[in-house]
Amino acid sequence: MKLKSLALAATLSAAGTAALVTATAAQAQAQEQFFPVLVYRTGAYAPNGVPFANGYVDYLKLVNAKGGINGVKISWEECETGYATDRGVECYERLKGKNGGATVFQPLSTGITFALTEKAPVDKIPLITAGYGRSESADGGVFKWNFPLLGTYWVAADILVQHVGKQLGGLDKLRGKKIALVYHDSPYGKEPIPLLQERSKMHGFELTTIPVTHPGVEQKAAWLQIRQQRPDYVFLWGWGVMNSTAIKEAVATGYPRNKIYGVWWAAAEPDVKDVGDAAKGYSGLAMQHGAEPNAKIVKDILSLVHDKGQGTGPREEVGSVLYMRGLISAMLAVEGVKRAQEKYGRGKVMTGEQVRWGLENLALDQKKLDALGFAGVMRPVSTSCFDHMGSAWARIHTWDGTKWNFTSDWYQADEQILKPMVKAAADKYAAEKKLQRRTPADCQG
């Protein structure tokens with residue numbers, strides 16, 4: 001009997017130790033800020049998805065190398081979506097509750113963003129869609145959990161119209177001109193259409209919309225249409241292989257590359273490097289930044305991450321356009337956590353709900369950006385309860401056959417056009433989903 005009692009005591013003691021170890025492990029885990037990372041390193045869009053993911057993860061590594069977010073280390077886990085909406089939703093469901101709960105999701109897909117827009121409010125996890133997603137989600141009065149920071153596709157379309165108008169000598173010179181939109185036939189590609197329709201009514205240009213089926217390797221019919229109609233300008237809303245295919249088709253049909261303007265997801269190195277010299281003169285939007293090989297943040301990543309043998313991808317990719325896009329997206333998330341800590345406790349792990357408040361109260365002025373290593377890379381970002389975008393600036397950069405060069409001054413999207421459109425679309429969404437606009441009291445906490 002005594003032996004049985006001793007055995008039982010030993011078992012209970014072992015169980016207690018195991019429970020203590022488990023509890024301690026969970027506690028240690030809870031001391032880390034968990035960042036799920038939705039990526040597509042495989043599939044048709046991998047050439048563009050990979051540098052973005054590498055920049056994103058390298059920035060998280062840099063923050064940890066510098067001691068974390070006020071001492072709080074970051075943990076992360078990648079989940080492969082292949083740019084497919086259903087896989088993106090699966091990744092979200094699998095990761096949202098891990099490691100004490102997700103800090104923020106960045107879908108890197110407008111389709112996935114649409115799917116998660118209704119899930120995020122239930123789970124109280126913010127969505128950052130920096131430079132993509134739903135254009136009307138800039139209205140924080142309806143979209144409490146969505147943050148299309150730095151710009152939307154309506155911003156992009158507006159600035160492209162401004163730019164071609166300026167090239168002609170004024171927006172009034174657009175009357176009678178033809179603009180063709182060659183777009184990825186997906187939620188992403190359809191986003192700019194309402195803004196372009198609005199601008200075409202205002203300025204009297206003819207808009208033709210030409211959809212291209214995923215993934216975009218077959219565009220003969222689209223460019224035959226362009227050859228027949230001879231538009232004055234082509235706006236390219238592509239992603240992945242669709243972009244380089246479009247430029248090759250332009251070469252084949254003799255359409256001048258200097259009359260083609262891509263959105264920021266159609267204006268990076270993978271889009272033009274295979275075409276090389278033949279793509280010379282092709283321009284695209286730079287979502288604030290372009291390729292930034294000389295930025296201080298790039299030098300910091302090289303010295304504190306890559307020189308230590310901890311780089312996520314090849315060293316020569318650091319500072320390229322899409323790498324910078326991923327890096328900036330990670331920085332915005334980290335700064336959201338940092339801002340939340342100012343309210344809820346410096347050096348503490350923040351919940352998704354607390355980070356949402358931080359993202360809604362971002363105040364990244366030039367001094368802060370310079371201190372972070374982003375001098376000359378981007379402009380200040382300041383959000384509020386009702387403004388979840390925070391900045392609406394972009395530039396144009398042009399491919400010279402070997403690299404991207406800035407070829408315009410800064411443009412700001414016209415808020416007199418954007419604000420009514422955003423509010424009308426957000427109100428429509430609220431009515432469909434039976435949502436009430438947020439009250440001033442809701443904006444406080």
# chains A, B, ... in the order shown; residues from 1 in each chain; ligands from 1
>>> residues_around(residues="Glu342 in chain A", least_positions_apart="4", cutoff="12 Å", atoms="only C-alpha atoms", output="list in words")
Ile69, Asn70, Glu335, Gly336, Val337, Lys338, Arg346, Gly347, Lys348, Val349, Met350, Gln354, Val355, Trp357, Gly358, Asn361, Leu362 and Ala363 of chain A
>>> residues_around(residues="Lys98 in chain A", least_positions_apart="3", cutoff="10 Å", atoms="only C-alpha atoms", output="PyMOL selection string")
chain A and resi 29+34-36+76-77+93-95+101-102
>>> closest_residue(among="A:Trp145, A:Phe105, A:Tyr59, A:Trp264", to="Tyr132 in chain A", atoms="only C-alpha atoms")
A:Trp264
>>> residues_around(residues="Thr117 in chain A", least_positions_apart="6", cutoff="10 Å", atoms="only C-alpha atoms", output="PyMOL selection string")
chain A and resi 126-127+133-134+137+143-146
>>> select_by_dssp(residues="range 137-348 of chain A", states="strand (DSSP E or B)", output="list of chain:residue names")
A:Asp139, A:Asn146, A:Phe147, A:Lys178, A:Ile179, A:Ala180, A:Leu181, A:Val182, A:Tyr183, A:His184, A:Glu206, A:Leu207, A:Thr208, A:Thr209, A:Ile210, A:Pro211, A:Val212, A:Tyr233, A:Val234, A:Phe235, A:Leu236, A:Trp237, A:Ile260, A:Tyr261, A:Gly262, A:Ser283, A:Gly284, A:Leu285, A:Ala286
>>> write_last_selection(atoms="C-alpha atoms", output="compact mmCIF listing (two decimals), in the first residue's frame")
# COMPACT_ATOMS: atom_id res chain seq x y z
CA ASP A 139 -13.48 55.27 -43.58
CA ASN A 146 -9.39 47.75 -41.61
CA PHE A 147 -6.35 49.96 -42.18
CA LYS A 178 -8.77 57.63 -74.59
CA ILE A 179 -7.52 55.74 -71.53
CA ALA A 180 -7.58 51.93 -71.42
CA LEU A 181 -7.46 50.08 -68.09
CA VAL A 182 -5.90 46.63 -68.50
CA TYR A 183 -6.76 44.92 -65.22
CA HIS A 184 -6.41 41.62 -63.37
CA GLU A 206 -13.13 57.89 -72.88
CA LEU A 207 -12.46 54.95 -70.54
CA THR A 208 -12.15 51.38 -71.84
CA THR A 209 -11.83 48.54 -69.32
CA ILE A 210 -10.09 45.36 -70.47
CA PRO A 211 -10.09 42.40 -68.04
CA VAL A 212 -7.29 39.82 -68.07
CA TYR A 233 -2.67 55.91 -72.39
CA VAL A 234 -2.83 52.45 -70.87
CA PHE A 235 -3.16 52.01 -67.10
CA LEU A 236 -1.91 48.57 -66.04
CA TRP A 237 -3.47 47.00 -62.94
CA ILE A 260 1.84 52.83 -70.12
CA TYR A 261 1.49 53.51 -66.41
CA GLY A 262 1.29 50.73 -63.85
CA SER A 283 6.38 54.05 -65.67
CA GLY A 284 4.45 53.16 -62.57
CA LEU A 285 3.26 54.60 -59.31
CA ALA A 286 5.65 54.51 -56.39
>>> select_by_dssp(residues="range 179-254 of chain A", states="alpha helix (DSSP H)", output="MDAnalysis selection string")
chainID A and resid 187:190 193:203 220:229 241:253
>>> residues_around(residues="Gly352 in chain A", least_positions_apart="6", cutoff="6 Å", atoms="only C-alpha atoms", output="ChimeraX atom specification")
/A:103,124-125
>>> write_last_selection(atoms="N, CA, C and O atoms", output="compact mmCIF listing (two decimals), in the first residue's frame")
# COMPACT_ATOMS: atom_id res chain seq x y z
N THR A 103 -1.48 39.51 -33.43
CA THR A 103 -1.39 40.96 -33.25
C THR A 103 -2.15 41.68 -34.35
O THR A 103 -2.90 42.62 -34.11
N LYS A 124 -11.65 40.53 -33.25
CA LYS A 124 -10.95 41.71 -32.70
C LYS A 124 -9.46 41.70 -33.05
O LYS A 124 -8.58 41.84 -32.21
N ILE A 125 -9.20 41.50 -34.35
CA ILE A 125 -7.83 41.54 -34.87
C ILE A 125 -7.79 42.54 -36.03
O ILE A 125 -8.56 42.40 -36.99
>>> decode(residues="range 332-346 of chain A", atoms="all heavy atoms", output="mmCIF file, in the first residue's frame")
data_model
loop_
_atom_site.group_PDB
_atom_site.id
_atom_site.type_symbol
_atom_site.label_atom_id
_atom_site.label_comp_id
_atom_site.auth_asym_id
_atom_site.auth_seq_id
_atom_site.Cartn_x
_atom_site.Cartn_y
_atom_site.Cartn_z
ATOM 1 N N LEU A 332 4.856 49.480 -40.109
ATOM 2 C CA LEU A 332 3.583 50.078 -39.718
ATOM 3 C C LEU A 332 2.911 49.255 -38.616
ATOM 4 O O LEU A 332 2.338 49.813 -37.671
ATOM 5 C CB LEU A 332 2.661 50.193 -40.932
ATOM 6 C CG LEU A 332 3.112 51.185 -42.013
ATOM 7 C CD1 LEU A 332 2.307 50.987 -43.297
ATOM 8 C CD2 LEU A 332 2.996 52.629 -41.531
ATOM 9 N N ALA A 333 3.002 47.928 -38.728
ATOM 10 C CA ALA A 333 2.427 47.063 -37.698
ATOM 11 C C ALA A 333 3.157 47.237 -36.367
ATOM 12 O O ALA A 333 2.535 47.356 -35.305
ATOM 13 C CB ALA A 333 2.488 45.605 -38.147
ATOM 14 N N VAL A 334 4.485 47.253 -36.425
ATOM 15 C CA VAL A 334 5.289 47.418 -35.207
ATOM 16 C C VAL A 334 4.997 48.770 -34.553
ATOM 17 O O VAL A 334 4.859 48.877 -33.329
ATOM 18 C CB VAL A 334 6.798 47.274 -35.530
ATOM 19 C CG1 VAL A 334 7.657 47.714 -34.344
ATOM 20 C CG2 VAL A 334 7.120 45.829 -35.909
ATOM 21 N N GLU A 335 4.876 49.815 -35.378
ATOM 22 C CA GLU A 335 4.585 51.146 -34.836
ATOM 23 C C GLU A 335 3.180 51.209 -34.226
ATOM 24 O O GLU A 335 2.942 51.963 -33.286
ATOM 25 C CB GLU A 335 4.764 52.224 -35.908
ATOM 26 C CG GLU A 335 6.213 52.425 -36.318
ATOM 27 C CD GLU A 335 7.134 52.731 -35.138
ATOM 28 O OE1 GLU A 335 6.831 53.671 -34.370
ATOM 29 O OE2 GLU A 335 8.143 52.019 -34.980
ATOM 30 N N GLY A 336 2.254 50.402 -34.768
ATOM 31 C CA GLY A 336 0.922 50.303 -34.163
ATOM 32 C C GLY A 336 1.005 49.722 -32.762
ATOM 33 O O GLY A 336 0.347 50.197 -31.832
ATOM 34 N N VAL A 337 1.843 48.692 -32.597
ATOM 35 C CA VAL A 337 2.055 48.088 -31.269
ATOM 36 C C VAL A 337 2.701 49.108 -30.332
ATOM 37 O O VAL A 337 2.287 49.281 -29.183
ATOM 38 C CB VAL A 337 2.940 46.820 -31.370
ATOM 39 C CG1 VAL A 337 3.256 46.261 -29.983
ATOM 40 C CG2 VAL A 337 2.271 45.753 -32.231
ATOM 41 N N LYS A 338 3.706 49.788 -30.845
ATOM 42 C CA LYS A 338 4.436 50.779 -30.035
ATOM 43 C C LYS A 338 3.504 51.894 -29.552
ATOM 44 O O LYS A 338 3.550 52.315 -28.394
ATOM 45 C CB LYS A 338 5.574 51.367 -30.876
ATOM 46 C CG LYS A 338 6.809 51.753 -30.069
ATOM 47 C CD LYS A 338 7.872 52.371 -30.962
ATOM 48 C CE LYS A 338 8.648 51.336 -31.756
ATOM 49 N NZ LYS A 338 9.693 51.963 -32.588
ATOM 50 N N ARG A 339 2.648 52.346 -30.466
ATOM 51 C CA ARG A 339 1.694 53.411 -30.107
ATOM 52 C C ARG A 339 0.705 52.891 -29.069
ATOM 53 O O ARG A 339 0.354 53.604 -28.121
ATOM 54 C CB ARG A 339 0.949 53.861 -31.376
ATOM 55 C CG ARG A 339 -0.016 55.009 -31.143
ATOM 56 C CD ARG A 339 0.704 56.339 -30.999
ATOM 57 N NE ARG A 339 -0.233 57.437 -30.858
ATOM 58 C CZ ARG A 339 -0.634 57.952 -29.696
ATOM 59 N NH1 ARG A 339 -0.165 57.470 -28.549
ATOM 60 N NH2 ARG A 339 -1.493 58.964 -29.655
ATOM 61 N N ALA A 340 0.258 51.648 -29.217
ATOM 62 C CA ALA A 340 -0.661 51.044 -28.244
ATOM 63 C C ALA A 340 -0.018 50.965 -26.865
ATOM 64 O O ALA A 340 -0.669 51.207 -25.844
ATOM 65 C CB ALA A 340 -1.092 49.660 -28.726
ATOM 66 N N GLN A 341 1.276 50.633 -26.834
ATOM 67 C CA GLN A 341 1.980 50.542 -25.548
ATOM 68 C C GLN A 341 1.994 51.880 -24.813
ATOM 69 O O GLN A 341 2.003 51.911 -23.584
ATOM 70 C CB GLN A 341 3.422 50.062 -25.765
ATOM 71 C CG GLN A 341 3.553 48.585 -26.073
ATOM 72 C CD GLN A 341 5.007 48.151 -26.148
ATOM 73 O OE1 GLN A 341 5.920 48.961 -26.082
ATOM 74 N NE2 GLN A 341 5.221 46.851 -26.294
ATOM 75 N N GLU A 342 2.005 52.986 -25.566
ATOM 76 C CA GLU A 342 1.983 54.303 -24.920
ATOM 77 C C GLU A 342 0.713 54.497 -24.102
ATOM 78 O O GLU A 342 0.707 55.198 -23.103
ATOM 79 C CB GLU A 342 2.104 55.414 -25.973
ATOM 80 C CG GLU A 342 3.473 55.493 -26.622
ATOM 81 C CD GLU A 342 3.507 56.490 -27.778
ATOM 82 O OE1 GLU A 342 2.664 57.418 -27.805
ATOM 83 O OE2 GLU A 342 4.372 56.345 -28.660
ATOM 84 N N LYS A 343 -0.364 53.859 -24.536
ATOM 85 C CA LYS A 343 -1.646 53.981 -23.820
ATOM 86 C C LYS A 343 -1.862 52.853 -22.811
ATOM 87 O O LYS A 343 -2.351 53.090 -21.709
ATOM 88 C CB LYS A 343 -2.804 53.995 -24.827
ATOM 89 C CG LYS A 343 -4.204 54.129 -24.213
ATOM 90 C CD LYS A 343 -5.253 54.189 -25.311
ATOM 91 C CE LYS A 343 -6.675 54.095 -24.756
ATOM 92 N NZ LYS A 343 -7.109 55.348 -24.094
ATOM 93 N N TYR A 344 -1.484 51.638 -23.198
ATOM 94 C CA TYR A 344 -1.862 50.472 -22.394
ATOM 95 C C TYR A 344 -0.728 49.845 -21.596
ATOM 96 O O TYR A 344 -0.950 48.901 -20.853
ATOM 97 C CB TYR A 344 -2.491 49.402 -23.301
ATOM 98 C CG TYR A 344 -3.745 49.860 -23.994
ATOM 99 C CD1 TYR A 344 -3.739 50.170 -25.354
ATOM 100 C CD2 TYR A 344 -4.933 49.994 -23.291
ATOM 101 C CE1 TYR A 344 -4.897 50.594 -26.002
ATOM 102 C CE2 TYR A 344 -6.098 50.418 -23.930
ATOM 103 C CZ TYR A 344 -6.065 50.719 -25.280
ATOM 104 O OH TYR A 344 -7.214 51.147 -25.912
ATOM 105 N N GLY A 345 0.488 50.349 -21.756
ATOM 106 C CA GLY A 345 1.583 49.811 -20.944
ATOM 107 C C GLY A 345 2.834 49.512 -21.740
ATOM 108 O O GLY A 345 2.883 48.532 -22.476
ATOM 109 N N ARG A 346 3.805 50.370 -21.588
ATOM 110 C CA ARG A 346 5.080 50.219 -22.278
ATOM 111 C C ARG A 346 5.740 48.906 -21.861
ATOM 112 O O ARG A 346 5.773 48.561 -20.685
ATOM 113 C CB ARG A 346 5.975 51.406 -21.916
ATOM 114 C CG ARG A 346 7.248 51.506 -22.698
ATOM 115 C CD ARG A 346 8.033 52.726 -22.223
ATOM 116 N NE ARG A 346 9.399 52.703 -22.685
ATOM 117 C CZ ARG A 346 9.817 53.222 -23.826
ATOM 118 N NH1 ARG A 346 8.955 53.817 -24.613
ATOM 119 N NH2 ARG A 346 11.076 53.168 -24.177
#
